[in-house]
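Student: My questions will all concern the structure given below.
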Amino acid sequence: PQLALRRFADAPDSPPALYAHAVAYHRLAELPKAIELVDKLLVQFPDNPWIHELKGQIYYESGYAAKGLASYERSVALVPDEPLLLIGLATCQIGVGSQGGAAARAINQKAEKNLRHALRLDPQSNSAWFQLAKAYGQLEKTAYANWAMAEYYALQKNPDARKYARRALKALPRRST
């Protein structure tokens with residue numbers, strides 16, 4: 001972060017400087033400064049999905065998942081078939097859903113839907129399988145969580161894939177995945 005903050009001295013308000021400095025302040029746990037710089041970028045590039053994604057990520061990673069949802073949702077609205085954006089949104093949704101409450105089930109179901117969409121686009125996405133297992137766990141769909149973990153480990157060629165696959169097969173209805 002310190003190196004990023006020293007760079008761009010000649011053009012501190014340029015888009016690359018704003019982006020690099022926003023990430024640096026995020027890494028230094030200076031949330032207000034990071035968000036201020038991302039907001040400056042959004043004034044210049046309101047339809048850039050990656051800047052919206054960055055804002056959502058900063059909020060999520062700073063422990064404010066609920067504040068990150070709108071930014072992630074906007075990024076996916078701009079590019080609905082981008083697996084990385086769908087996974088980011090779903091991860092944030094799972095973070096909000098983990099807090100419980102009346103809306104937890106609904107938001108975890110949205111996360112499941114977004115992850116299934118991401119996996120249709122990129123079935124080799126390890127992070128999508130891992131997050132899907134978490135969503136299923138929060139939805140109390142243990143057999144499906146085991147299936148997603150089996151896929152996650154299989155992509156890594158980890159022998160634990162068999163263990164999770166056996167658990168899933170034992171409990172899943174036929175032709176259910």
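Just so we're on the same page: first chain in the structure tokens is A, next is B, and so on; residues restart at 1 for each chain, and ligands are numbered from 1 in the order they show up.
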Write out as a tab-separated table (two decimals) with N, CA and C atoms, in the first residue's frame the residues lying within 12 Å of range 43-55 of chain A, counting only C-alpha atoms and excluding same-chain residues fewer than 5 positions away.

Tutor:
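File produced: around22.tsv:
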```tsv
chain	number	residue	atom	x	y	z
A	13	ASP	N	-5.11	12.71	-9.28
A	13	ASP	CA	-6.54	12.56	-9.57
A	13	ASP	C	-6.81	11.81	-10.86
A	14	SER	N	-5.76	11.21	-11.43
A	14	SER	CA	-5.96	10.41	-12.64
A	14	SER	C	-6.68	9.11	-12.25
A	15	PRO	N	-7.40	8.51	-13.18
A	15	PRO	CA	-8.08	7.25	-12.86
A	15	PRO	C	-7.15	6.16	-12.31
A	16	PRO	N	-5.97	5.94	-12.90
A	16	PRO	CA	-5.10	4.91	-12.31
A	16	PRO	C	-4.68	5.25	-10.87
A	18	LEU	N	-6.40	7.14	-8.67
A	18	LEU	CA	-7.55	6.97	-7.79
A	18	LEU	C	-7.79	5.49	-7.47
A	19	TYR	N	-7.67	4.65	-8.50
A	19	TYR	CA	-7.89	3.21	-8.31
A	19	TYR	C	-6.82	2.62	-7.38
A	20	ALA	N	-5.56	2.90	-7.68
A	20	ALA	CA	-4.47	2.36	-6.87
A	20	ALA	C	-4.53	2.86	-5.43
A	22	ALA	N	-7.23	3.93	-3.85
A	22	ALA	CA	-8.40	3.34	-3.18
A	22	ALA	C	-8.07	1.96	-2.64
A	23	VAL	N	-7.40	1.15	-3.45
A	23	VAL	CA	-7.02	-0.19	-3.01
A	23	VAL	C	-6.03	-0.10	-1.86
A	26	HIS	N	-7.79	0.85	1.27
A	26	HIS	CA	-8.55	-0.33	1.72
A	26	HIS	C	-7.64	-1.29	2.46
A	31	LEU	N	-11.23	2.84	5.50
A	31	LEU	CA	-12.44	2.69	4.69
A	31	LEU	C	-12.97	4.02	4.14
A	32	PRO	N	-13.13	5.07	4.94
A	32	PRO	CA	-13.68	6.32	4.38
A	32	PRO	C	-12.85	6.86	3.21
A	33	LYS	N	-11.53	6.83	3.34
A	33	LYS	CA	-10.67	7.32	2.26
A	33	LYS	C	-10.80	6.45	1.01
A	34	ALA	N	-10.84	5.14	1.21
A	34	ALA	CA	-10.97	4.22	0.07
A	34	ALA	C	-12.28	4.47	-0.67
A	35	ILE	N	-13.36	4.57	0.06
A	35	ILE	CA	-14.68	4.78	-0.57
A	35	ILE	C	-14.75	6.14	-1.24
A	36	GLU	N	-14.17	7.15	-0.64
A	36	GLU	CA	-14.15	8.49	-1.25
A	36	GLU	C	-13.49	8.44	-2.62
A	37	LEU	N	-12.38	7.73	-2.73
A	37	LEU	CA	-11.67	7.66	-4.01
A	37	LEU	C	-12.44	6.83	-5.03
A	38	VAL	N	-13.06	5.76	-4.60
A	38	VAL	CA	-13.87	4.96	-5.52
A	38	VAL	C	-15.05	5.80	-6.02
A	60	TYR	N	-17.46	-5.19	1.61
A	60	TYR	CA	-17.55	-6.58	2.07
A	60	TYR	C	-16.33	-6.97	2.91
A	61	GLU	N	-15.14	-6.71	2.38
A	61	GLU	CA	-13.92	-7.10	3.07
A	61	GLU	C	-13.66	-6.28	4.33
A	62	SER	N	-14.34	-5.14	4.46
A	62	SER	CA	-14.20	-4.31	5.65
A	62	SER	C	-15.24	-4.66	6.71
A	64	TYR	N	-18.65	-4.83	6.12
A	64	TYR	CA	-19.93	-4.17	5.88
A	64	TYR	C	-20.60	-4.75	4.63
A	65	ALA	N	-20.85	-6.03	4.68
A	65	ALA	CA	-21.40	-6.72	3.51
A	65	ALA	C	-22.70	-6.08	3.03
A	67	LYS	N	-23.65	-3.07	3.09
A	67	LYS	CA	-23.37	-1.83	2.34
A	67	LYS	C	-22.79	-2.13	0.96
A	68	GLY	N	-22.18	-3.28	0.79
A	68	GLY	CA	-21.59	-3.64	-0.49
A	68	GLY	C	-22.57	-4.20	-1.51
A	69	LEU	N	-23.75	-4.63	-1.05
A	69	LEU	CA	-24.69	-5.28	-1.95
A	69	LEU	C	-25.08	-4.43	-3.15
A	70	ALA	N	-25.44	-3.17	-2.92
A	70	ALA	CA	-25.90	-2.32	-4.02
A	70	ALA	C	-24.83	-2.17	-5.10
A	71	SER	N	-23.58	-2.04	-4.68
A	71	SER	CA	-22.49	-1.89	-5.65
A	71	SER	C	-22.30	-3.16	-6.46
A	72	TYR	N	-22.32	-4.31	-5.79
A	72	TYR	CA	-22.22	-5.57	-6.51
A	72	TYR	C	-23.41	-5.78	-7.44
A	73	GLU	N	-24.59	-5.45	-6.97
A	73	GLU	CA	-25.79	-5.61	-7.82
A	73	GLU	C	-25.69	-4.73	-9.06
A	74	ARG	N	-25.18	-3.52	-8.89
A	74	ARG	CA	-25.01	-2.62	-10.04
A	74	ARG	C	-24.00	-3.20	-11.03
A	75	SER	N	-22.91	-3.77	-10.52
A	75	SER	CA	-21.90	-4.34	-11.43
A	75	SER	C	-22.49	-5.48	-12.24
A	76	VAL	N	-23.30	-6.32	-11.61
A	76	VAL	CA	-23.92	-7.44	-12.32
A	76	VAL	C	-24.99	-6.94	-13.28
A	77	ALA	N	-25.69	-5.88	-12.92
A	77	ALA	CA	-26.68	-5.31	-13.84
A	77	ALA	C	-26.00	-4.80	-15.11
A	78	LEU	N	-24.79	-4.28	-14.97
A	78	LEU	CA	-24.06	-3.76	-16.13
A	78	LEU	C	-23.51	-4.88	-17.01
A	79	VAL	N	-23.08	-5.99	-16.40
A	79	VAL	CA	-22.52	-7.13	-17.14
A	79	VAL	C	-23.08	-8.41	-16.50
A	80	PRO	N	-24.28	-8.81	-16.91
A	80	PRO	CA	-24.96	-9.91	-16.22
A	80	PRO	C	-24.36	-11.30	-16.43
A	81	ASP	N	-23.51	-11.48	-17.40
A	81	ASP	CA	-22.95	-12.81	-17.66
A	81	ASP	C	-21.45	-12.88	-17.39
A	82	GLU	N	-20.99	-12.15	-16.41
A	82	GLU	CA	-19.58	-12.18	-16.02
A	82	GLU	C	-19.45	-13.00	-14.73
A	84	LEU	N	-17.06	-13.64	-12.62
A	84	LEU	CA	-16.39	-13.03	-11.47
A	84	LEU	C	-17.30	-12.05	-10.73
A	85	LEU	N	-18.10	-11.30	-11.47
A	85	LEU	CA	-19.01	-10.36	-10.83
A	85	LEU	C	-20.14	-11.11	-10.11
A	86	LEU	N	-20.64	-12.16	-10.73
A	86	LEU	CA	-21.69	-12.97	-10.11
A	86	LEU	C	-21.19	-13.62	-8.81
A	87	ILE	N	-19.96	-14.11	-8.83
A	87	ILE	CA	-19.38	-14.74	-7.64
A	87	ILE	C	-19.17	-13.69	-6.55
A	88	GLY	N	-18.71	-12.51	-6.93
A	88	GLY	CA	-18.54	-11.44	-5.95
A	88	GLY	C	-19.85	-11.05	-5.30
A	89	LEU	N	-20.89	-10.89	-6.11
A	89	LEU	CA	-22.21	-10.56	-5.58
A	89	LEU	C	-22.69	-11.66	-4.65
A	90	ALA	N	-22.58	-12.91	-5.08
A	90	ALA	CA	-23.04	-14.03	-4.26
A	90	ALA	C	-22.26	-14.12	-2.95
A	91	THR	N	-20.97	-13.89	-3.00
A	91	THR	CA	-20.16	-13.92	-1.78
A	91	THR	C	-20.64	-12.87	-0.79
A	92	CYS	N	-20.93	-11.69	-1.29
A	92	CYS	CA	-21.45	-10.61	-0.45
A	92	CYS	C	-22.83	-11.00	0.10
```

Student: Residues at most 9 Å from range 144-154 of chain A, counting only C-alpha atoms, excluding those fewer than 5 positions away in the same chain, as a list in words?

Tutor: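 Those residues are Gln124, Ser125, Asn126, Ser127, Ala128, Trp129, Phe130, Gln131, Leu132, Ala133, Lys134, Ala135, Tyr136, Gly137, Pro159, Asp160, Ala161, Arg162, Lys163, Tyr164, Ala165, Arg166, Arg167, Ala168, Leu169, Ala171, Leu172 and Thr177 of chain A.
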
Student: Separation of CA of Ser176 in chain A and CA of Lys141 in chain A, in Å?

Tutor: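 Between these atoms lies a distance of 12.3 Å.
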
Student: To one decimal place, how far is CA of His21 in chain A from CA of Pro1 in chain A in Å?

Tutor: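 These atoms are spaced 7.8 Å apart.
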
Student: Identify, with DSSP run on backbone atoms, the residues in chain A assigned to helix (DSSP H, G or I), and express the list as a ChimeraX atom specification.

Tutor: /A:2-6,15-27,31-44,49-61,65-78,83-97,104-121,126-138,142-155,160-171

Student: My list of candidates is A:Arg6, A:Arg116, A:Arg27, A:Arg175. Which is closest to Pro83 in chain A when distances are computed with only C-alpha atoms?

Tutor: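 The shortest atom-to-atom distance to Pro83 in chain A comes from A:Arg116.
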
Student: What does the distance from CA of Ala104 in chain A to CA of Tyr59 in chain A come to in Å, to one decimal?

Tutor: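 Atom-to-atom, CA of Ala104 in chain A and CA of Tyr59 in chain A are spaced 18.7 Å apart.
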
Student: Can you list, as a list in words, every protein, DNA or RNA residue that comes within 12 Å of Gly101 in chain A when you count only C-alpha atoms, leaving out same-chain residues fewer than 6 positions away?

Tutor: Ile107, Asn108 and Gln138 of chain A
